[in-house]
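Listing of start-v3.cif, mmCIF, C-alpha atoms
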data_coords
#
loop_
_atom_site.label_atom_id
_atom_site.label_comp_id
_atom_site.auth_asym_id
_atom_site.auth_seq_id
_atom_site.Cartn_x
_atom_site.Cartn_y
_atom_site.Cartn_z
CA MET X 22 -14.18 28.73 9.51
CA SER X 23 -10.80 27.08 8.93
CA GLN X 24 -8.80 30.32 8.96
CA GLU X 25 -9.70 30.90 12.60
CA VAL X 26 -8.51 27.39 13.50
CA THR X 27 -5.11 27.45 15.18
CA LEU X 28 -2.96 24.35 15.02
CA LEU X 29 0.40 23.47 16.50
CA TYR X 30 2.87 21.35 14.58
CA VAL X 31 5.79 19.87 16.56
CA ASP X 32 8.83 18.37 14.79
CA ASP X 33 12.56 18.44 15.52
CA GLU X 34 13.44 18.76 11.79
CA PRO X 35 13.38 22.43 10.66
CA ILE X 36 12.65 21.45 7.04
CA ASN X 37 9.54 19.54 8.14
CA LEU X 38 8.32 22.56 10.13
CA THR X 39 8.78 24.77 7.06
CA LEU X 40 7.08 22.32 4.68
CA PHE X 41 4.13 21.85 7.01
CA GLU X 42 3.65 25.58 7.48
CA ILE X 43 3.87 26.26 3.71
CA ASN X 44 1.26 23.58 3.00
CA PHE X 45 -1.25 24.56 5.67
CA ARG X 46 -0.87 28.30 6.35
CA ARG X 47 -3.47 29.32 3.77
CA LYS X 48 -6.13 27.29 5.53
CA TYR X 49 -5.11 27.42 9.21
CA LYS X 50 -3.16 29.58 11.61
CA VAL X 51 -0.03 27.42 12.00
CA ILE X 52 2.24 27.60 15.04
CA THR X 53 5.37 25.46 15.03
CA ALA X 54 7.66 24.08 17.72
CA GLY X 55 10.99 22.27 17.37
CA SER X 56 10.60 19.97 20.41
CA GLY X 57 8.07 18.59 22.85
CA ALA X 58 9.23 21.06 25.51
CA GLU X 59 8.80 23.98 23.11
CA GLY X 60 5.40 22.56 22.13
CA LEU X 61 4.27 22.68 25.76
CA GLN X 62 5.41 26.33 25.96
CA LYS X 63 3.50 27.20 22.78
CA LEU X 64 0.34 25.57 24.17
CA GLU X 65 0.71 27.62 27.35
CA GLY X 66 1.04 30.86 25.37
CA ASN X 67 -1.67 30.17 22.77
CA ARG X 68 -4.97 29.16 24.33
CA ASP X 69 -6.67 29.17 20.91
CA ILE X 70 -4.82 26.05 19.67
CA ILE X 71 -7.38 23.27 19.09
CA VAL X 72 -5.35 20.86 16.93
CA VAL X 73 -1.87 19.45 17.66
CA ILE X 74 0.12 17.37 15.21
CA SER X 75 3.41 15.99 16.49
CA ASP X 76 6.24 14.02 15.00
CA MET X 77 6.72 10.74 16.85
CA LYS X 78 10.50 10.36 16.94
CA MET X 79 12.17 13.37 18.55
CA PRO X 80 15.12 13.64 20.94
CA GLY X 81 14.36 14.23 24.61
CA MET X 82 10.62 13.63 24.48
CA ASN X 83 8.90 11.63 21.76
CA GLY X 84 5.51 12.61 20.33
CA ILE X 85 3.46 10.34 22.59
CA GLU X 86 5.30 11.58 25.71
CA PHE X 87 4.69 15.19 24.61
CA ILE X 88 0.99 14.52 23.97
CA LYS X 89 0.55 12.78 27.36
CA LYS X 90 1.94 15.88 29.09
CA ALA X 91 -0.06 18.27 26.92
CA LYS X 92 -3.32 16.37 27.43
CA GLU X 93 -2.99 16.70 31.23
CA HIS X 94 -3.74 20.43 30.80
CA TYR X 95 -5.39 20.68 27.38
CA ARG X 96 -7.99 17.93 27.07
CA HIS X 97 -10.16 19.78 24.51
CA ILE X 98 -7.47 19.58 21.80
CA ALA X 99 -7.38 16.99 19.00
CA TYR X 100 -3.98 15.27 18.96
CA PHE X 101 -2.39 13.55 15.98
CA ILE X 102 0.94 11.75 15.52
CA LEU X 103 3.06 11.87 12.39
CA THR X 104 5.61 9.10 11.92
CA ALA X 105 8.10 7.97 9.29
CA PHE X 106 7.75 4.44 10.63
CA ASP X 107 4.97 1.85 10.75
CA ILE X 108 2.54 1.86 13.63
CA ASN X 109 4.25 0.58 16.76
CA LYS X 110 3.01 -0.64 20.14
CA GLU X 111 3.23 2.84 21.69
CA ILE X 112 1.14 4.43 18.91
CA LYS X 113 -1.39 1.58 18.98
CA GLU X 114 -1.81 1.99 22.75
CA ALA X 115 -2.23 5.76 22.32
CA LEU X 116 -5.00 5.12 19.76
CA ASP X 117 -6.66 2.48 21.96
CA GLN X 118 -6.57 4.81 24.99
CA GLN X 119 -7.86 7.70 22.84
CA LEU X 120 -4.77 9.72 23.70
CA ILE X 121 -4.48 10.52 19.99
CA ASN X 122 -7.23 10.85 17.40
CA ARG X 123 -5.18 9.38 14.55
CA TYR X 124 -1.70 8.88 13.22
CA PHE X 125 -0.31 9.78 9.80
CA ASN X 126 2.68 8.49 7.89
CA LYS X 127 5.52 10.63 6.59
CA PRO X 128 5.87 12.01 4.06
CA PHE X 129 2.59 13.57 5.08
CA ASN X 130 -0.44 13.61 2.82
CA ILE X 131 -1.98 17.09 2.90
CA LYS X 132 -5.50 15.91 1.98
CA GLU X 133 -5.44 13.13 4.58
CA ILE X 134 -4.38 15.50 7.37
CA ASP X 135 -6.80 18.22 6.28
CA GLY X 136 -9.62 15.66 6.13
CA ALA X 137 -8.90 14.50 9.69
CA ILE X 138 -8.80 18.11 10.94
CA GLN X 139 -12.10 18.88 9.19
CA ALA X 140 -13.70 15.73 10.64
CA PHE X 141 -12.61 16.82 14.13
CA LEU X 142 -13.98 20.34 13.56
CA ARG X 143 -17.35 18.93 12.50
CA SER X 144 -17.45 16.85 15.70
CA ILE X 145 -17.09 19.82 18.07
#
Take the structure in the file and write it out as structure tokens.
Amino acid sequence: MSQEVTLLYVDDEPINLTLFEINFRRKYKVITAGSGAEGLQKLEGNRDIIVVISDMKMPGMNGIEFIKKAKEHYRHIAYFILTAFDINKEIKEALDQQLINRYFNKPFNIKEIDGAIQAFLRSI
């Protein structure tokens, strides 16, 4: 079942995009975007995306801002934030408002992220 799952990973650091894709491409169809704006374009062009993982700190539009915009049009998607920093007020509010399903710390833990994706898939 996992191979047919399409996920979008958004991060402004090219090395992070590459590392994420290498670690998850055997299990999921991975689409990457280098900014929130590009992430919105990828969502528009790929209606089969059901999981979005976004870096928090990005220039122009941070991860929460990107997810707020994305969720206006794509409510069926599970959204996750990845951050190199501790949980902050903005992430806590996003969790409390159920804007995001969870947040993960960088460097990312493959098993933790995969477990959260699998838990979401079991819930739908």
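Using the PyMOL selection byres ((chain X and resi 137-143) around 10) on this structure selects X:Met22, X:Ser23, X:Val26, X:Leu28, X:Ile71, X:Val72, X:Val73, X:Ile74, X:Ile98, X:Ala99, X:Tyr100, X:Phe101, X:Asn122, X:Arg123, X:Tyr124, X:Phe125, X:Lys132, X:Glu133, X:Ile134, X:Asp135, X:Gly136, X:Ser144, X:Ile145.
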>> Just to confirm, what's the straight-line distance from atom CA of X:Gly57 to atom CA of X:Met82 in Å (one decimal)?
In response: 5.8 Å
Given the file shown, enumerate the residues that the PyMOL selection byres ((chain X and resi 128) around 9) captures and present them as a PDB file with C-alpha atoms, in the coordinates of the input.
ATOM      1  CA  LEU X 103       3.060  11.870  12.390  1.00  0.00           C
ATOM      2  CA  THR X 104       5.610   9.100  11.920  1.00  0.00           C
ATOM      3  CA  ALA X 105       8.100   7.970   9.290  1.00  0.00           C
ATOM      4  CA  PHE X 125      -0.310   9.780   9.800  1.00  0.00           C
ATOM      5  CA  ASN X 126       2.680   8.490   7.890  1.00  0.00           C
ATOM      6  CA  LYS X 127       5.520  10.630   6.590  1.00  0.00           C
ATOM      7  CA  PHE X 129       2.590  13.570   5.080  1.00  0.00           C
ATOM      8  CA  ASN X 130      -0.440  13.610   2.820  1.00  0.00           C
TER       9      ASN X 130
END
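Residues within 10 Å of X:Glu65, counting all atoms listed in the file and excluding same-chain residues fewer than 5 positions away, are Glu59, Gly60, Ile70, Ala91, His94 and Tyr95 of chain X.
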>> Report as a VMD selection string all protein, DNA and RNA residues lying within 10 Å of X:Gly81, evaluated on only C-alpha atoms, omitting residues in the same chain fewer than 4 positions from it.
In response: chain X and resid 56 to 58 86 to 87
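Applied to the shown file, the PyMOL selection byres ((chain X and resi 50) around 12) selects the residues X:Met22, X:Ser23, X:Gln24, X:Glu25, X:Val26, X:Thr27, X:Leu28, X:Leu29, X:Tyr30, X:Phe41, X:Glu42, X:Ile43, X:Asn44, X:Phe45, X:Arg46, X:Arg47, X:Lys48, X:Tyr49, X:Val51, X:Ile52, X:Thr53, X:Asn67, X:Asp69, X:Ile70, X:Ile71, X:Val72, X:Val73.
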Could you take the residues named above and write them with C-alpha atoms, as a short mmCIF file (atom, residue, chain, number, x, y, z; two decimals), in the frame of the given file?
data_model
loop_
_atom_site.label_atom_id
_atom_site.label_comp_id
_atom_site.auth_asym_id
_atom_site.auth_seq_id
_atom_site.Cartn_x
_atom_site.Cartn_y
_atom_site.Cartn_z
CA MET X 22 -14.18 28.73 9.51
CA SER X 23 -10.80 27.08 8.93
CA GLN X 24 -8.80 30.32 8.96
CA GLU X 25 -9.70 30.90 12.60
CA VAL X 26 -8.51 27.39 13.50
CA THR X 27 -5.11 27.45 15.18
CA LEU X 28 -2.96 24.35 15.02
CA LEU X 29 0.40 23.47 16.50
CA TYR X 30 2.87 21.35 14.58
CA PHE X 41 4.13 21.85 7.01
CA GLU X 42 3.65 25.58 7.48
CA ILE X 43 3.87 26.26 3.71
CA ASN X 44 1.26 23.58 3.00
CA PHE X 45 -1.25 24.56 5.67
CA ARG X 46 -0.87 28.30 6.35
CA ARG X 47 -3.47 29.32 3.77
CA LYS X 48 -6.13 27.29 5.53
CA TYR X 49 -5.11 27.42 9.21
CA VAL X 51 -0.03 27.42 12.00
CA ILE X 52 2.24 27.60 15.04
CA THR X 53 5.37 25.46 15.03
CA ASN X 67 -1.67 30.17 22.77
CA ASP X 69 -6.67 29.17 20.91
CA ILE X 70 -4.82 26.05 19.67
CA ILE X 71 -7.38 23.27 19.09
CA VAL X 72 -5.35 20.86 16.93
CA VAL X 73 -1.87 19.45 17.66
#
> Please, what distance in Å, to one decimal, runs between atom CA of X:Asp32 and atom CA of X:Ile112?
Replying inline: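 Distance reported for this atom pair: 16.4 Å.
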>> Between X:Leu40, X:Ala54, X:Ile131, X:Met77, which residue has the minimum interatomic distance to X:Asn109, considering all atoms listed in the file?
In response: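 Nearest candidate to X:Asn109 out of X:Leu40, X:Ala54, X:Ile131, X:Met77: X:Met77.
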> Interatomic distance between atom CA of X:His97 and atom CA of X:Leu120?
Replying inline: 11.4 Å
